[in-house]
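S.K.: What follows is entry-v5.cif, mmCIF, C-alpha atoms.
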data_query
loop_
_atom_site.group_PDB
_atom_site.id
_atom_site.type_symbol
_atom_site.label_atom_id
_atom_site.label_comp_id
_atom_site.auth_asym_id
_atom_site.auth_seq_id
_atom_site.Cartn_x
_atom_site.Cartn_y
_atom_site.Cartn_z
ATOM 1 C CA MET A 317 -0.960 -41.804 15.764
ATOM 2 C CA ASN A 318 -0.303 -38.574 17.655
ATOM 3 C CA SER A 319 3.075 -38.083 15.985
ATOM 4 C CA ASN A 320 1.451 -38.537 12.562
ATOM 5 C CA SER A 321 -1.232 -35.976 13.477
ATOM 6 C CA ASN A 322 1.450 -33.567 14.708
ATOM 7 C CA THR A 323 3.361 -34.034 11.458
ATOM 8 C CA GLN A 324 0.242 -33.257 9.413
ATOM 9 C CA THR A 325 -0.502 -30.180 11.553
ATOM 10 C CA SER A 326 3.100 -29.054 11.169
ATOM 11 C CA ALA A 327 2.905 -29.577 7.399
ATOM 12 C CA ALA A 328 -0.346 -27.596 7.240
ATOM 13 C CA LYS A 329 1.255 -24.727 9.151
ATOM 14 C CA SER A 330 4.276 -24.882 6.841
ATOM 15 C CA LYS A 331 1.998 -24.823 3.784
ATOM 16 C CA LEU A 332 0.116 -21.834 5.186
ATOM 17 C CA THR A 333 3.375 -19.962 5.685
ATOM 18 C CA ILE A 334 4.532 -20.763 2.163
ATOM 19 C CA TYR A 335 1.153 -19.711 0.742
ATOM 20 C CA GLN A 336 1.281 -16.419 2.632
ATOM 21 C CA MET A 337 4.826 -15.815 1.424
ATOM 22 C CA ALA A 338 3.795 -16.486 -2.180
ATOM 23 C CA ALA A 339 0.790 -14.142 -1.942
ATOM 24 C CA THR A 340 2.959 -11.433 -0.378
ATOM 25 C CA ALA A 341 5.583 -11.887 -3.094
ATOM 26 C CA LEU A 342 2.944 -11.541 -5.826
ATOM 27 C CA MET A 343 1.649 -8.300 -4.316
ATOM 28 C CA THR A 344 5.228 -7.031 -3.945
ATOM 29 C CA ALA A 345 5.696 -7.788 -7.650
ATOM 30 C CA LEU A 346 2.624 -5.654 -8.406
ATOM 31 C CA PHE A 347 4.198 -2.816 -6.402
ATOM 32 C CA CYS A 348 7.387 -3.236 -8.432
ATOM 33 C CA ILE A 349 5.440 -3.105 -11.712
ATOM 34 C CA LEU A 350 3.104 -0.179 -10.979
ATOM 35 C CA GLY A 351 5.281 1.755 -8.489
ATOM 36 C CA PRO A 352 7.817 3.005 -11.072
ATOM 37 C CA MET A 353 5.091 4.193 -13.434
ATOM 38 C CA SER A 354 4.669 7.854 -12.658
ATOM 39 C CA ILE A 355 3.690 11.151 -14.237
ATOM 40 C CA PRO A 356 6.167 13.959 -13.499
ATOM 41 C CA ILE A 357 4.351 17.167 -12.567
ATOM 42 C CA GLY A 358 6.987 18.759 -10.331
ATOM 43 C CA ALA A 359 9.131 17.712 -7.393
ATOM 44 C CA ILE A 360 6.553 15.067 -6.456
ATOM 45 C CA PRO A 361 5.267 12.904 -9.345
ATOM 46 C CA ILE A 362 1.867 11.289 -9.678
ATOM 47 C CA SER A 363 2.404 7.660 -8.698
ATOM 48 C CA PHE A 364 0.298 4.497 -8.568
ATOM 49 C CA THR A 365 1.980 3.249 -5.384
ATOM 50 C CA ASN A 366 -0.842 4.336 -3.070
ATOM 51 C CA PHE A 367 -3.383 2.620 -5.339
ATOM 52 C CA VAL A 368 -1.479 -0.661 -4.922
ATOM 53 C CA VAL A 369 -1.362 -0.048 -1.149
ATOM 54 C CA PHE A 370 -5.168 0.095 -1.156
ATOM 55 C CA LEU A 371 -5.461 -3.093 -3.222
ATOM 56 C CA ALA A 372 -2.858 -4.917 -1.123
ATOM 57 C CA VAL A 373 -4.814 -4.517 2.107
ATOM 58 C CA TYR A 374 -8.096 -5.391 0.377
ATOM 59 C CA LEU A 375 -6.667 -8.631 -0.981
ATOM 60 C CA LEU A 376 -4.172 -9.720 1.676
ATOM 61 C CA GLY A 377 -5.312 -7.976 4.841
ATOM 62 C CA THR A 378 -3.413 -5.559 7.057
ATOM 63 C CA LYS A 379 -0.461 -7.751 8.020
ATOM 64 C CA LEU A 380 0.426 -9.246 4.631
ATOM 65 C CA GLY A 381 -0.588 -6.123 2.691
ATOM 66 C CA THR A 382 1.745 -3.999 4.806
ATOM 67 C CA LEU A 383 4.471 -6.648 4.585
ATOM 68 C CA SER A 384 4.261 -6.624 0.776
ATOM 69 C CA TYR A 385 4.770 -2.853 0.813
ATOM 70 C CA LEU A 386 7.701 -3.126 3.248
ATOM 71 C CA VAL A 387 9.415 -5.675 0.989
ATOM 72 C CA TYR A 388 8.888 -3.313 -1.961
ATOM 73 C CA LEU A 389 10.346 -0.448 0.091
ATOM 74 C CA LEU A 390 13.395 -2.542 1.017
ATOM 75 C CA LEU A 391 13.946 -3.577 -2.604
ATOM 76 C CA GLY A 392 13.836 0.059 -3.711
ATOM 77 C CA THR A 393 16.081 1.214 -0.885
ATOM 78 C CA ALA A 394 18.577 -1.510 -1.820
ATOM 79 C CA GLY A 395 18.856 0.077 -5.272
ATOM 80 C CA LEU A 396 16.383 -1.748 -7.504
ATOM 81 C CA PRO A 397 14.630 0.713 -9.846
ATOM 82 C CA VAL A 398 11.137 0.183 -8.422
ATOM 83 C CA PHE A 399 10.364 3.672 -7.149
ATOM 84 C CA SER A 400 8.773 6.423 -9.260
ATOM 85 C CA ALA A 401 10.457 7.103 -12.604
ATOM 86 C CA TYR A 402 12.281 3.753 -12.353
ATOM 87 C CA SER A 403 14.631 4.967 -9.637
ATOM 88 C CA GLY A 404 15.902 3.375 -6.461
ATOM 89 C CA GLY A 405 18.452 3.632 -3.697
ATOM 90 C CA LEU A 406 18.755 5.312 -0.338
ATOM 91 C CA ALA A 407 19.014 8.728 -2.018
ATOM 92 C CA LYS A 408 15.422 8.348 -3.234
ATOM 93 C CA LEU A 409 14.291 7.705 0.319
ATOM 94 C CA ALA A 410 16.153 10.817 1.454
ATOM 95 C CA GLY A 411 14.813 12.900 -1.459
ATOM 96 C CA PRO A 412 11.586 14.893 -1.829
ATOM 97 C CA THR A 413 9.340 11.817 -2.014
ATOM 98 C CA GLY A 414 10.893 10.055 0.991
ATOM 99 C CA GLY A 415 8.152 11.189 3.356
ATOM 100 C CA TYR A 416 5.517 9.580 1.181
ATOM 101 C CA LEU A 417 7.464 6.331 0.948
ATOM 102 C CA ILE A 418 7.524 6.126 4.756
ATOM 103 C CA GLY A 419 3.980 7.478 5.137
ATOM 104 C CA PHE A 420 2.545 4.694 2.981
ATOM 105 C CA ILE A 421 3.506 2.188 5.688
ATOM 106 C CA PHE A 422 1.003 3.874 8.001
ATOM 107 C CA THR A 423 -1.501 4.302 5.180
ATOM 108 C CA SER A 424 -1.438 0.541 4.685
ATOM 109 C CA ILE A 425 -1.955 -0.174 8.384
ATOM 110 C CA ILE A 426 -4.789 2.343 8.768
ATOM 111 C CA CYS A 427 -6.610 1.197 5.616
ATOM 112 C CA GLY A 428 -6.250 -2.438 6.597
ATOM 113 C CA ILE A 429 -7.667 -1.858 10.074
ATOM 114 C CA PHE A 430 -10.701 0.001 8.721
ATOM 115 C CA ILE A 431 -11.376 -2.607 6.015
ATOM 116 C CA LYS A 432 -11.072 -5.514 8.445
ATOM 117 C CA LYS A 433 -12.986 -4.020 11.379
ATOM 118 C CA CYS A 434 -15.804 -2.755 9.148
ATOM 119 C CA HIS A 435 -15.915 -5.932 7.004
ATOM 120 C CA GLY A 436 -15.109 -4.035 3.810
ATOM 121 C CA ARG A 437 -18.204 -1.829 3.928
ATOM 122 C CA PRO A 438 -17.571 0.832 1.282
ATOM 123 C CA ILE A 439 -18.189 3.972 3.347
ATOM 124 C CA PHE A 440 -15.820 2.831 6.113
ATOM 125 C CA SER A 441 -13.259 1.561 3.618
ATOM 126 C CA ILE A 442 -13.282 4.978 1.935
ATOM 127 C CA LEU A 443 -12.981 6.662 5.334
ATOM 128 C CA GLY A 444 -9.975 4.474 6.208
ATOM 129 C CA MET A 445 -8.291 5.243 2.895
ATOM 130 C CA VAL A 446 -8.911 8.977 3.284
ATOM 131 C CA ILE A 447 -7.448 8.945 6.809
ATOM 132 C CA GLY A 448 -4.532 6.837 5.562
ATOM 133 C CA MET A 449 -3.848 9.308 2.753
ATOM 134 C CA ILE A 450 -4.018 12.251 5.169
ATOM 135 C CA VAL A 451 -1.290 10.548 7.216
ATOM 136 C CA ALA A 452 0.771 10.034 4.034
ATOM 137 C CA TYR A 453 0.257 13.703 3.134
ATOM 138 C CA LEU A 454 1.471 14.707 6.612
ATOM 139 C CA PHE A 455 4.627 12.613 6.290
ATOM 140 C CA GLY A 456 5.209 13.729 2.701
ATOM 141 C CA THR A 457 4.675 17.426 3.421
ATOM 142 C CA ALA A 458 6.734 17.470 6.620
ATOM 143 C CA TRP A 459 9.644 15.679 4.923
ATOM 144 C CA PHE A 460 9.430 17.968 1.886
ATOM 145 C CA ILE A 461 9.608 21.067 4.123
ATOM 146 C CA LEU A 462 12.729 19.692 5.837
ATOM 147 C CA GLU A 463 14.340 18.571 2.589
ATOM 148 C CA ALA A 464 13.517 21.625 0.461
ATOM 149 C CA LYS A 465 13.654 24.151 3.341
ATOM 150 C CA CYS A 466 10.456 25.764 2.097
ATOM 151 C CA THR A 467 7.275 27.212 3.571
ATOM 152 C CA LEU A 468 4.254 25.141 4.495
ATOM 153 C CA TRP A 469 2.175 26.773 1.750
ATOM 154 C CA TYR A 470 4.753 25.953 -0.925
ATOM 155 C CA ALA A 471 4.974 22.369 0.335
ATOM 156 C CA LEU A 472 1.188 22.005 0.202
ATOM 157 C CA THR A 473 1.133 23.277 -3.383
ATOM 158 C CA ALA A 474 3.824 20.737 -4.302
ATOM 159 C CA CYS A 475 2.840 17.766 -2.142
ATOM 160 C CA VAL A 476 -0.908 17.835 -1.551
ATOM 161 C CA PHE A 477 -3.111 20.060 -3.724
ATOM 162 C CA PRO A 478 -2.127 18.576 -7.127
ATOM 163 C CA PHE A 479 -2.910 15.051 -5.907
ATOM 164 C CA LEU A 480 -6.274 15.425 -4.170
ATOM 165 C CA LEU A 481 -8.478 14.661 -7.167
ATOM 166 C CA GLY A 482 -6.320 11.810 -8.473
ATOM 167 C CA ASP A 483 -6.058 10.200 -5.042
ATOM 168 C CA ALA A 484 -9.825 10.501 -4.570
ATOM 169 C CA LEU A 485 -10.289 8.652 -7.876
ATOM 170 C CA LYS A 486 -7.783 5.966 -6.822
ATOM 171 C CA ILE A 487 -9.689 5.479 -3.551
ATOM 172 C CA LEU A 488 -13.012 5.125 -5.362
ATOM 173 C CA LEU A 489 -11.497 2.735 -7.904
ATOM 174 C CA ALA A 490 -9.872 0.609 -5.192
ATOM 175 C CA CYS A 491 -13.151 0.477 -3.231
ATOM 176 C CA ASN A 492 -14.936 -0.754 -6.344
ATOM 177 C CA ILE A 493 -12.471 -3.251 -7.789
ATOM 178 C CA GLY A 494 -10.840 -4.405 -4.517
ATOM 179 C CA PRO A 495 -13.928 -6.310 -3.295
ATOM 180 C CA LEU A 496 -14.618 -7.652 -6.806
ATOM 181 C CA ILE A 497 -11.089 -9.070 -7.137
ATOM 182 C CA ARG A 498 -11.211 -10.441 -3.577
ATOM 183 C CA ASN A 499 -14.564 -12.155 -4.201
ATOM 184 C CA ALA A 500 -13.279 -13.650 -7.469
ATOM 185 C CA LEU A 501 -10.149 -14.958 -5.737
ATOM 186 C CA GLN A 502 -12.225 -16.378 -2.864
ATOM 187 C CA LYS A 503 -14.526 -18.178 -5.305
ATOM 188 C CA ALA A 504 -11.427 -19.670 -6.940
ATOM 189 C CA HIS A 505 -10.263 -20.750 -3.433
ATOM 190 C CA LEU A 506 -7.105 -18.667 -3.756
ATOM 191 C CA LEU A 507 -7.528 -16.659 -0.545
ATOM 192 C CA GLU A 508 -8.567 -19.458 1.799
ATOM 193 C CA ASN A 509 -5.242 -19.582 3.621
ATOM 194 C CA LEU A 510 -4.925 -15.815 4.150
#
Translate the structure of the given file into structure tokens.
M.R.:
Amino acid sequence: MNSNSNTQTSAAKSKLTIYQMAATALMTALFCILGPMSIPIGAIPISFTNFVVFLAVYLLGTKLGTLSYLVYLLLGTAGLPVFSAYSGGLAKLAGPTGGYLIGFIFTSIICGIFIKKCHGRPIFSILGMVIGMIVAYLFGTAWFILEAKCTLWYALTACVFPFLLGDALKILLACNIGPLIRNALQKAHLLENL
């Protein structure tokens, strides 16, 4: 009787792991679809990657949301054309946008912590996303200065100022549709094991 119960518990744990892996893979696929879509406006293009980061932590939580981004980052670094402008490879990571690609790891963690600890309340979710984006801006700007050997002001005009309005809109959109999608998935019993 005990061995049968242990087998069922083990199977349930195995199912949970498989479910989490499938959910993470689906979110990674969304990164791979939206990540390459970008609008070139200079050395740093407008990208939808940070928008997917926001959605990932809303839907999967901090751990799995961040994991889905890390898998995406590894796929791109390995050479798959999943980064902005359908590019990939280690050179992309070492290029002008490399700081952002690394910074989004911390953006994901920060956003996820705020959303979880504050139970998805909009004002705190927005605050977490803003702080997360500030961290991404810091990584992106610092890396751009090192890579381009330019002044801080020039880096800010290339890496931060052109993106403030668009990123604010992405944050507001994610805070509006993230909870709606999550609620719909919960009602369909698709997030029970996450």
S.K.: Which one of A:Cys427, A:Ala464, A:Leu443, A:Leu506 sits closest to Ala338 in chain A if you count only C-alpha atoms?
M.R.: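 Nearest to Ala338 in chain A: A:Leu506.
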S.K.: For the provided coordinates, the residues matched by the PyMOL selection byres ((chain A and resi 482) around 12) should be stated as a ChimeraX atom specification.
M.R.: /A:355,361-364,366-367,449,476-481,483-489
S.K.: Do you have the CA of Thr365 in chain A-CA of Phe347 in chain A distance handy?
M.R.: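 Atom-to-atom, CA of Thr365 in chain A and CA of Phe347 in chain A are spaced 6.5 Å apart.
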S.K.: Would you compute the box with edges along x, y and z of the file around range 493-509 of chain A, including every atom the file lists for it and 5 Å extra on each side, and give its centre and edge lengths in Å to one decimal, as lines of an AutoDock Vina configuration file?
M.R.:
center_x = -9.9
center_y = -12.0
center_z = -2.1
size_x = 19.4
size_y = 27.5
size_z = 21.4
S.K.: Could you check how far CA of Glu463 in chain A sits from CA of Val369 in chain A, in Å to one decimal?
M.R.: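 One can read the CA of Glu463 in chain A to CA of Val369 in chain A distance as 24.6 Å.
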S.K.: Any idea what's packed within 8 Å of Leu375 in chain A, counting only C-alpha atoms, ignoring anything in its chain fewer than 4 positions away? Could you give it as a list in words?
M.R.: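 Those residues are Leu371, Gly381, Gly494, Pro495, Ile497 and Arg498 of chain A.
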S.K.: Expand the PyMOL selection byres ((chain A and resi 411) around 10) into the explicit residue set it covers here, and present it as a PyMOL selection string.
M.R.: chain A and resi 359-360+406-410+412-415+459-460+463-464
S.K.: What would the selection look like, as an NGL selection string, if the PyMOL selection byres ((chain A and resi 426) around 12) were run on the coordinates I just shared?
M.R.: :A and (369-370 or 373-374 or 377-379 or 381-382 or 419-425 or 427-433 or 440-452)
S.K.: From the list A:Ile357, A:Val368, A:Gly392, A:His435, which residue is nearest Met343 in chain A when using all atoms listed in the file?
M.R.: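 Using all atoms listed in the file, Met343 in chain A sits closest to A:Val368.
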S.K.: Would you please work out which residue, of A:Leu501, A:Leu376, A:Ala339, A:Cys475, is nearest to Phe455 in chain A when using only C-alpha atoms?
M.R.: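 So, comparing all the options, the nearest one is A:Cys475.
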S.K.: Using all atoms listed in the file, find the one residue out of A:Gly351, A:Ala504, A:Gly436, A:Tyr453 that sits nearest to Asn492 in chain A.
M.R.: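 The shortest atom-to-atom distance to Asn492 in chain A comes from A:Gly436.
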S.K.: Enter the distance from CA of Ser400 in chain A to CA of Gln336 in chain A, in Å, rounded to one decimal.
M.R.: 26.8 Å
S.K.: Quick one: of A:Ala345, A:Leu417, A:Ala474, A:Tyr385, who's nearest to Ile461 in chain A, counting all atoms listed in the file?
M.R.: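 Comparing A:Ala345, A:Leu417, A:Ala474, A:Tyr385 against Ile461 in chain A, the winner is A:Ala474.
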S.K.: Here is a test: counting all atoms listed in the file, which residue of A:Ile418, A:Met353, A:Met337, A:Ala401 is nearest to Ser384 in chain A?
M.R.: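 Counting all atoms listed in the file, the residue closest to Ser384 in chain A is A:Met337.
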